[in-house]
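The file target18.cif contains mmCIF, C-alpha atoms:
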```
data_upload
#
loop_
_atom_site.label_atom_id
_atom_site.label_comp_id
_atom_site.auth_asym_id
_atom_site.auth_seq_id
_atom_site.Cartn_x
_atom_site.Cartn_y
_atom_site.Cartn_z
CA MET A 1 -65.96 -56.51 -14.88
CA PRO A 2 -68.13 -57.42 -11.87
CA GLN A 3 -66.28 -58.78 -8.89
CA VAL A 4 -67.52 -62.28 -8.15
CA PHE A 5 -65.34 -63.14 -5.21
CA ASP A 6 -63.40 -60.79 -2.99
CA ALA A 7 -60.75 -63.00 -1.41
CA LYS A 8 -59.24 -60.08 0.53
CA LYS A 9 -62.53 -59.23 2.23
CA LYS A 10 -63.24 -62.84 3.10
CA SER A 11 -59.81 -63.41 4.57
CA GLU A 12 -60.21 -60.16 6.54
CA GLY A 13 -63.42 -61.56 7.99
CA ARG A 14 -61.59 -64.71 9.00
CA ARG A 15 -58.62 -62.86 10.42
CA ARG A 16 -60.79 -60.52 12.49
CA GLY A 17 -62.50 -63.25 14.39
CA GLY A 18 -60.70 -66.43 13.52
CA ARG A 19 -64.02 -67.79 12.31
CA TYR A 20 -65.88 -66.77 9.19
CA SER A 21 -69.46 -65.59 9.62
CA PRO A 22 -71.33 -64.87 6.38
CA VAL A 23 -74.02 -62.97 8.28
CA PHE A 24 -71.39 -60.72 9.89
CA GLU A 25 -69.74 -60.15 6.50
CA GLU A 26 -73.09 -59.32 4.91
CA LEU A 27 -74.19 -56.94 7.64
CA SER A 28 -70.86 -55.18 8.13
CA LYS A 29 -71.34 -53.66 4.66
CA LYS A 30 -74.22 -51.65 6.19
CA ARG A 31 -72.34 -50.76 9.36
CA ASP A 32 -73.92 -48.19 11.67
CA SER A 33 -71.54 -46.57 14.11
CA ALA A 34 -73.68 -43.80 15.60
CA VAL A 35 -72.93 -43.26 19.27
CA TRP A 36 -76.57 -42.79 20.25
CA SER A 37 -77.89 -45.44 17.92
CA ALA A 38 -80.58 -47.68 19.28
CA PHE A 39 -80.11 -50.02 16.34
CA ALA A 40 -76.43 -50.50 15.55
CA VAL A 41 -75.44 -53.14 13.04
CA THR A 42 -71.91 -54.56 13.59
CA PRO A 43 -70.93 -51.56 15.74
CA PRO A 44 -67.15 -50.98 15.75
CA ASN A 45 -65.12 -50.17 18.89
CA LEU A 46 -67.62 -51.83 21.18
CA ARG A 47 -67.06 -54.70 23.58
CA PHE A 48 -69.09 -56.18 26.41
CA GLU A 49 -67.99 -57.84 29.63
CA THR A 50 -68.28 -61.53 28.76
CA GLN A 51 -67.42 -61.26 25.07
CA GLU A 52 -65.19 -64.06 23.74
CA PRO A 53 -62.07 -62.94 21.85
CA ASP A 54 -63.36 -64.31 18.52
CA GLU A 55 -66.99 -63.33 19.08
CA LYS A 56 -68.40 -60.66 16.78
CA ILE A 57 -71.19 -58.26 17.73
CA ILE A 58 -73.83 -58.38 15.01
CA LEU A 59 -76.46 -56.16 16.57
CA LEU A 60 -76.64 -53.71 19.46
CA LEU A 61 -80.12 -52.67 20.47
CA ARG A 62 -81.51 -50.14 22.90
CA GLN A 63 -85.04 -48.96 23.42
CA HIS A 64 -86.12 -46.51 20.74
CA PRO A 65 -84.95 -42.96 21.64
CA VAL A 66 -88.55 -41.73 21.53
CA VAL A 67 -89.25 -43.61 24.80
CA ASN A 68 -87.03 -41.02 26.50
CA LEU A 69 -89.47 -38.25 25.67
CA GLY A 70 -91.45 -38.70 28.91
CA TRP A 71 -88.54 -38.14 31.29
CA ILE A 72 -87.09 -35.35 29.12
CA VAL A 73 -90.36 -33.41 29.46
CA VAL A 74 -90.35 -34.03 33.23
CA ALA A 75 -86.69 -32.87 33.46
CA VAL A 76 -87.39 -29.67 31.50
CA GLY A 77 -90.39 -29.02 33.79
CA MET A 78 -88.20 -29.58 36.85
CA ALA A 79 -85.48 -27.28 35.46
CA LEU A 80 -88.01 -24.49 34.88
CA MET A 81 -89.69 -24.93 38.25
CA PRO A 82 -87.48 -22.38 40.16
CA ALA A 83 -88.84 -19.66 37.86
CA PHE A 84 -92.22 -20.21 39.51
CA TRP A 85 -90.95 -20.34 43.07
CA GLY A 86 -92.04 -16.74 43.51
CA TYR A 87 -95.62 -18.02 43.52
CA LEU A 88 -94.83 -20.58 46.20
CA PRO A 89 -94.30 -19.67 49.89
CA PHE A 90 -90.48 -19.65 49.63
CA SER A 91 -89.93 -15.90 49.72
CA TRP A 92 -89.95 -15.80 53.53
CA LEU A 93 -86.72 -17.89 53.49
CA PRO A 94 -83.46 -15.92 53.89
CA VAL A 95 -81.64 -15.47 50.57
CA ARG A 96 -78.85 -17.92 51.46
CA PHE A 97 -81.39 -20.67 52.11
CA GLN A 98 -83.24 -19.86 48.89
CA LEU A 99 -79.92 -20.22 47.07
CA ALA A 100 -79.15 -23.51 48.83
CA THR A 101 -82.61 -24.80 47.88
CA ALA A 102 -82.02 -23.86 44.24
CA VAL A 103 -78.57 -25.53 44.22
CA LEU A 104 -80.01 -28.71 45.77
CA TRP A 105 -82.90 -28.64 43.32
CA TYR A 106 -80.64 -28.41 40.26
CA LEU A 107 -78.38 -31.15 41.63
CA LEU A 108 -81.50 -33.32 41.97
CA VAL A 109 -82.52 -32.51 38.38
CA LEU A 110 -79.01 -33.41 37.20
CA ALA A 111 -79.10 -36.71 39.11
CA TYR A 112 -82.55 -37.50 37.69
CA VAL A 113 -81.38 -36.83 34.11
CA LEU A 114 -78.16 -38.81 34.58
CA GLU A 115 -79.97 -41.79 36.12
CA LYS A 116 -82.58 -41.90 33.34
CA PHE A 117 -79.98 -41.50 30.61
CA LEU A 118 -77.69 -44.17 32.07
CA ASN A 119 -80.61 -46.58 32.35
CA TRP A 120 -81.46 -46.03 28.70
CA TYR A 121 -77.89 -46.08 27.43
CA PHE A 122 -76.68 -49.17 29.29
CA ASN A 123 -79.83 -51.32 29.09
CA VAL A 124 -78.87 -53.05 25.89
CA TYR A 125 -79.63 -56.16 23.95
CA ILE A 126 -76.70 -57.62 22.07
CA VAL A 127 -76.81 -60.23 19.36
CA THR A 128 -73.45 -61.76 18.48
CA ASP A 129 -72.63 -64.46 15.96
CA GLU A 130 -72.83 -66.92 18.86
CA ARG A 131 -75.14 -65.59 21.54
CA VAL A 132 -78.01 -63.36 22.56
CA VAL A 133 -77.11 -61.15 25.53
CA ASP A 134 -79.53 -59.07 27.58
CA ILE A 135 -77.89 -56.51 29.89
CA ASP A 136 -80.32 -54.95 32.35
CA PHE A 137 -79.80 -52.23 34.91
CA HIS A 138 -82.71 -51.46 37.22
CA GLY A 139 -82.23 -48.15 38.96
CA LEU A 140 -78.57 -47.71 39.72
CA ILE A 141 -77.86 -50.65 41.98
CA HIS A 142 -79.25 -53.74 40.25
CA ARG A 143 -77.46 -55.37 37.34
CA ASN A 144 -78.59 -58.45 35.42
CA LEU A 145 -76.80 -60.10 32.52
CA ALA A 146 -78.62 -62.95 30.76
CA VAL A 147 -77.06 -64.96 27.95
CA THR A 148 -78.22 -67.72 25.64
CA GLN A 149 -76.61 -69.42 22.66
CA ILE A 150 -78.07 -68.76 19.20
CA ALA A 151 -78.30 -72.57 18.93
CA ASN A 152 -80.80 -72.49 21.82
CA VAL A 153 -83.10 -70.01 20.10
CA GLN A 154 -86.30 -71.78 19.14
CA ASP A 155 -88.72 -69.13 18.09
CA VAL A 156 -88.57 -65.38 17.43
CA ASN A 157 -91.52 -63.06 16.98
CA PHE A 158 -92.35 -59.41 17.44
CA VAL A 159 -95.31 -57.34 18.52
CA GLN A 160 -95.90 -53.75 17.47
CA THR A 161 -98.77 -51.98 19.18
CA GLY A 162 -99.81 -48.36 19.56
CA GLY A 163 -99.68 -45.23 17.46
CA LEU A 164 -96.16 -44.15 18.50
CA ALA A 165 -94.80 -47.63 17.76
CA ALA A 166 -96.33 -47.47 14.28
CA ILE A 167 -95.04 -43.96 13.57
CA PHE A 168 -91.50 -44.57 14.83
CA ASN A 169 -91.36 -48.24 13.85
CA TYR A 170 -90.47 -49.81 17.16
CA GLY A 171 -91.82 -52.86 18.95
CA ASP A 172 -91.15 -55.77 21.30
CA VAL A 173 -89.16 -58.75 20.05
CA TYR A 174 -89.68 -62.03 21.91
CA VAL A 175 -86.99 -64.69 21.67
CA GLN A 176 -88.06 -68.12 22.96
CA THR A 177 -85.19 -70.36 23.92
CA ALA A 178 -84.54 -73.93 25.02
CA ALA A 179 -82.21 -72.64 27.73
CA GLU A 180 -82.89 -72.11 31.44
CA GLN A 181 -84.16 -68.61 30.79
CA ARG A 182 -87.10 -69.39 28.53
CA GLU A 183 -87.65 -65.99 27.01
CA PHE A 184 -85.60 -62.92 26.10
CA ASP A 185 -87.68 -59.81 25.59
CA PHE A 186 -86.22 -56.94 23.59
CA LEU A 187 -88.64 -54.23 24.57
CA ARG A 188 -89.46 -51.21 22.38
CA VAL A 189 -86.53 -51.72 20.01
CA PRO A 190 -86.37 -50.02 16.58
CA ASN A 191 -86.96 -52.04 13.39
CA PRO A 192 -88.32 -55.16 15.14
CA GLY A 193 -88.91 -56.81 11.77
CA ARG A 194 -85.25 -56.42 10.83
CA VAL A 195 -84.18 -57.78 14.25
CA VAL A 196 -86.27 -60.90 13.70
CA GLU A 197 -84.81 -61.25 10.20
CA ILE A 198 -81.22 -61.01 11.48
CA LEU A 199 -81.90 -63.51 14.27
CA TYR A 200 -83.38 -65.86 11.70
CA MET A 201 -80.29 -65.47 9.49
CA LEU A 202 -78.06 -66.29 12.47
CA GLN A 203 -80.21 -69.31 13.33
CA GLN A 204 -79.80 -70.55 9.75
CA GLU A 205 -76.05 -69.95 9.93
CA GLU A 206 -75.84 -71.90 13.19
CA GLN A 207 -77.80 -74.80 11.72
CA GLN A 208 -75.51 -74.79 8.70
CA GLU A 209 -72.47 -74.89 10.97
CA GLU A 210 -74.00 -77.77 12.89
CA LEU A 211 -74.56 -79.69 9.65
CA GLU A 212 -70.98 -79.03 8.58
CA GLY A 213 -69.68 -79.98 12.02
CA ARG A 214 -68.18 -76.53 12.58
CA LEU A 215 -70.21 -75.80 15.73
CA LYS A 216 -68.08 -74.63 18.67
CA MET B 1 -88.09 -17.99 74.92
CA ASP B 2 -89.95 -15.64 72.57
CA LEU B 3 -90.73 -16.22 68.90
CA GLY B 4 -87.94 -13.85 67.81
CA GLU B 5 -85.29 -16.09 69.35
CA ILE B 6 -86.58 -18.98 67.27
CA THR B 7 -87.33 -17.33 63.93
CA GLY B 8 -84.96 -14.31 64.01
CA GLU B 9 -81.95 -14.01 61.70
CA THR B 10 -79.84 -16.18 64.04
CA GLY B 11 -82.77 -18.10 65.50
CA GLN B 12 -82.75 -21.80 66.34
CA ILE B 13 -84.96 -22.65 63.40
CA TRP B 14 -82.15 -21.60 61.03
CA ILE B 15 -79.63 -23.75 62.88
CA LEU B 16 -82.02 -26.64 62.38
CA ALA B 17 -82.52 -25.62 58.73
CA LYS B 18 -78.73 -25.46 58.26
CA TRP B 19 -78.40 -29.03 59.53
CA PHE B 20 -81.22 -30.09 57.23
CA TYR B 21 -79.37 -28.67 54.21
CA LEU B 22 -76.04 -30.13 55.34
CA VAL B 23 -77.60 -33.58 55.67
CA ALA B 24 -79.24 -33.14 52.23
CA PHE B 25 -75.89 -32.25 50.61
CA GLY B 26 -74.21 -35.11 52.50
CA VAL B 27 -76.80 -37.63 51.31
CA TYR B 28 -76.38 -36.27 47.80
CA LEU B 29 -72.61 -36.75 48.04
CA ILE B 30 -73.11 -40.41 49.05
CA PHE B 31 -75.59 -40.82 46.19
CA SER B 32 -73.15 -39.29 43.70
CA VAL B 33 -70.40 -41.70 44.82
CA ILE B 34 -72.82 -44.60 44.17
CA VAL B 35 -73.61 -43.12 40.74
CA TRP B 36 -69.90 -42.79 39.93
CA ARG B 37 -69.26 -46.39 41.01
CA GLN B 38 -72.22 -47.55 38.94
CA ILE B 39 -70.96 -45.69 35.86
CA VAL B 40 -67.63 -47.49 36.24
CA LEU B 41 -69.44 -50.85 36.54
CA MET B 42 -71.75 -50.08 33.62
CA ALA B 43 -68.80 -48.99 31.47
CA ARG B 44 -67.03 -52.25 32.35
CA THR B 45 -70.10 -54.22 31.26
CA LEU B 46 -70.35 -52.38 27.99
CA ASN B 47 -67.43 -50.23 26.96
CA GLY B 48 -67.95 -48.01 24.01
CA VAL B 49 -67.48 -44.51 22.76
CA LEU B 50 -69.36 -42.67 25.53
CA GLU B 51 -67.33 -44.21 28.34
CA VAL B 52 -65.09 -41.18 29.01
CA PRO B 53 -67.81 -38.46 28.80
CA LEU B 54 -70.02 -40.45 31.17
CA LYS B 55 -67.20 -40.89 33.66
CA VAL B 56 -66.51 -37.15 33.46
CA MET B 57 -70.22 -36.49 34.08
CA GLY B 58 -70.18 -38.80 37.10
CA LEU B 59 -67.11 -37.01 38.46
CA GLY B 60 -68.90 -33.69 37.86
CA LEU B 61 -71.84 -34.90 39.93
CA MET B 62 -69.51 -35.86 42.79
CA ALA B 63 -67.61 -32.57 42.55
CA GLY B 64 -70.91 -30.63 42.54
CA ALA B 65 -72.07 -32.43 45.66
CA ALA B 66 -68.73 -31.88 47.45
CA VAL B 67 -68.59 -28.17 46.54
CA GLY B 68 -72.25 -27.79 47.58
CA LEU B 69 -71.54 -29.40 50.93
CA ILE B 70 -68.46 -27.23 51.60
CA TRP B 71 -70.34 -24.10 50.49
CA ALA B 72 -73.31 -24.98 52.73
CA MET B 73 -70.98 -25.52 55.70
CA GLY B 74 -69.36 -22.15 55.16
CA THR B 75 -72.32 -20.00 54.14
CA LEU B 76 -75.46 -21.27 55.84
#
```
Just dump the structure as structure tokens.
Amino acid sequence: MPQVFDAKKKSEGRRRGGRYSPVFEELSKKRDSAVWSAFAVTPPNLRFETQEPDEKIILLLRQHPVVNLGWIVVAVGMALMPAFWGYLPFSWLPVRFQLATAVLWYLLVLAYVLEKFLNWYFNVYIVTDERVVDIDFHGLIHRNLAVTQIANVQDVNFVQTGGLAAIFNYGDVYVQTAAEQREFDFLRVPNPGRVVEILYMLQQEEQQEELEGRLK
Amino acid sequence: MDLGEITGETGQIWILAKWFYLVAFGVYLIFSVIVWRQIVLMARTLNGVLEVPLKVMGLGLMAGAAVGLIWAMGTL
């Protein structure tokens, strides 16, 4: 017999966050928990700095992994470079200085890789059942965290341009808001169409809550 | 002072070069401390599954810089 209503699941949803979100319930059935994922739906074991205790993360977005290809190629080139040092005028250096140069070079390559990876991994866009959060790190010393309520979202659209974007299905999602920060740009995120769809679902949910007087 | 005194095995140019490498390793050590601090801050902003490996990587960077500096002081 088909199950029409799963009271256990619904009460679990309530207990988890203290507030029932149909969108969260719907999406958590298709949960994606991959560590490297650039498109994680209701990711478990993840929290961000200003997250409210009863706030649920619906979507975690990063730039599509393919955007890392450029710096990976550069890093591989840099790592292979010492093999060609014989062709450069380094051989007149004493061996100990050649070794020191190689050590410094590989430390630089490591720092370059780490910096690029950290920038990709921690520059995230988070959509919760209440808010849109944009966490930006520029270089290693600048941090910016922008937040807007879903209720402030006015318009959402996406742009997909270029061959790579078409092949790997990534694009820019633009979220227009009525808040102080007028626009949130989710740049080069995977499945932009799905992102827009989820944001629309959350907008609908928020409007429904407002109508029912359940808005926080 | 002839050219040999400057460019010979123990010439002044190598003392200068040694200081250049020491400064480079020192700057790298400072940079790696900033990276470590930033990883801690980033992990605080968004804590997830990769938090521990990234902190270990940051520590590795610092350790590499410190060992490099000590090695350069002793060997160069």
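The interface of chain B with chain A at 7 Å, considering all atoms listed in the file, consists of Val35, Gln38, Met42, Arg44, Thr45, Leu46, Asn47, Gly48, Val49 and Leu76 of chain B.
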**OP:** Can you work out the spacing between CA of Val133 in chain A and CA of Phe168 in chain A in Å, to one decimal?
**Re:** 24.4 Å
**OP:** Give me the residues within 12 Å of Met62 in chain B as a list in words, counting all atoms listed in the file and dropping any in the same chain fewer than 5 places off.
**Re:** Leu107, Leu110 and Ala111 of chain A; Phe25, Gly26, Val27, Tyr28, Leu29, Ile30, Phe31, Ser32, Val33, Ile34, Val35, Trp36, Arg37, Lys55, Val56, Met57, Val67, Gly68 and Leu69 of chain B
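Distance-wise, CA of His64 in chain A and CA of Asp134 in chain A end up 15.7 Å apart.
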**OP:** Calculate how many Å separate CA of Trp92 in chain A from CA of Lys18 in chain B, rounding to one decimal.
**Re:** 15.5 Å
Original post:
Applied to this file, what does the PyMOL selection byres ((chain A and resi 179) around 12) return in terms of residues, put as a list in words?
Top reply: Arg131, Val132, Ala146, Val147, Thr148, Gln149, Ile150, Ala151, Asn152, Val153, Gln154, Val175, Gln176, Thr177, Ala178, Glu180, Gln181, Arg182, Glu183 and Phe184 of chain A
**OP:** Might you pull out every residue within 8 Å of range 75-84 of chain A, with only C-alpha atoms counted and same-chain residues fewer than 3 positions away left off, and present them as number ranges by chain?
**Re:** A: 71-72, 87-88, 102, 106, 109, 112-113
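When all atoms listed in the file are used to measure the gap to Gly139 in chain A, the shortest distance among B:Ile39, B:Ala72, B:Leu54, B:Ala63 belongs to B:Ile39.
Distance check against Gln203 in chain A using all atoms listed in the file: of A:Phe186, A:Val156, A:Trp85, A:Gly162, the minimum falls on A:Val156.
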Original post:
For Asn157 in chain A, which residue among A:Lys56, A:Leu199, A:Arg188, A:Ile126 is the nearest when counting all atoms listed in the file?
Top reply: A:Leu199
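Of the residues under consideration (A:Val74, A:Ser37, A:Ile57, A:Val23), A:Ile57 shows the shortest atom-to-atom contact distance to Thr128 in chain A when counting all atoms listed in the file.
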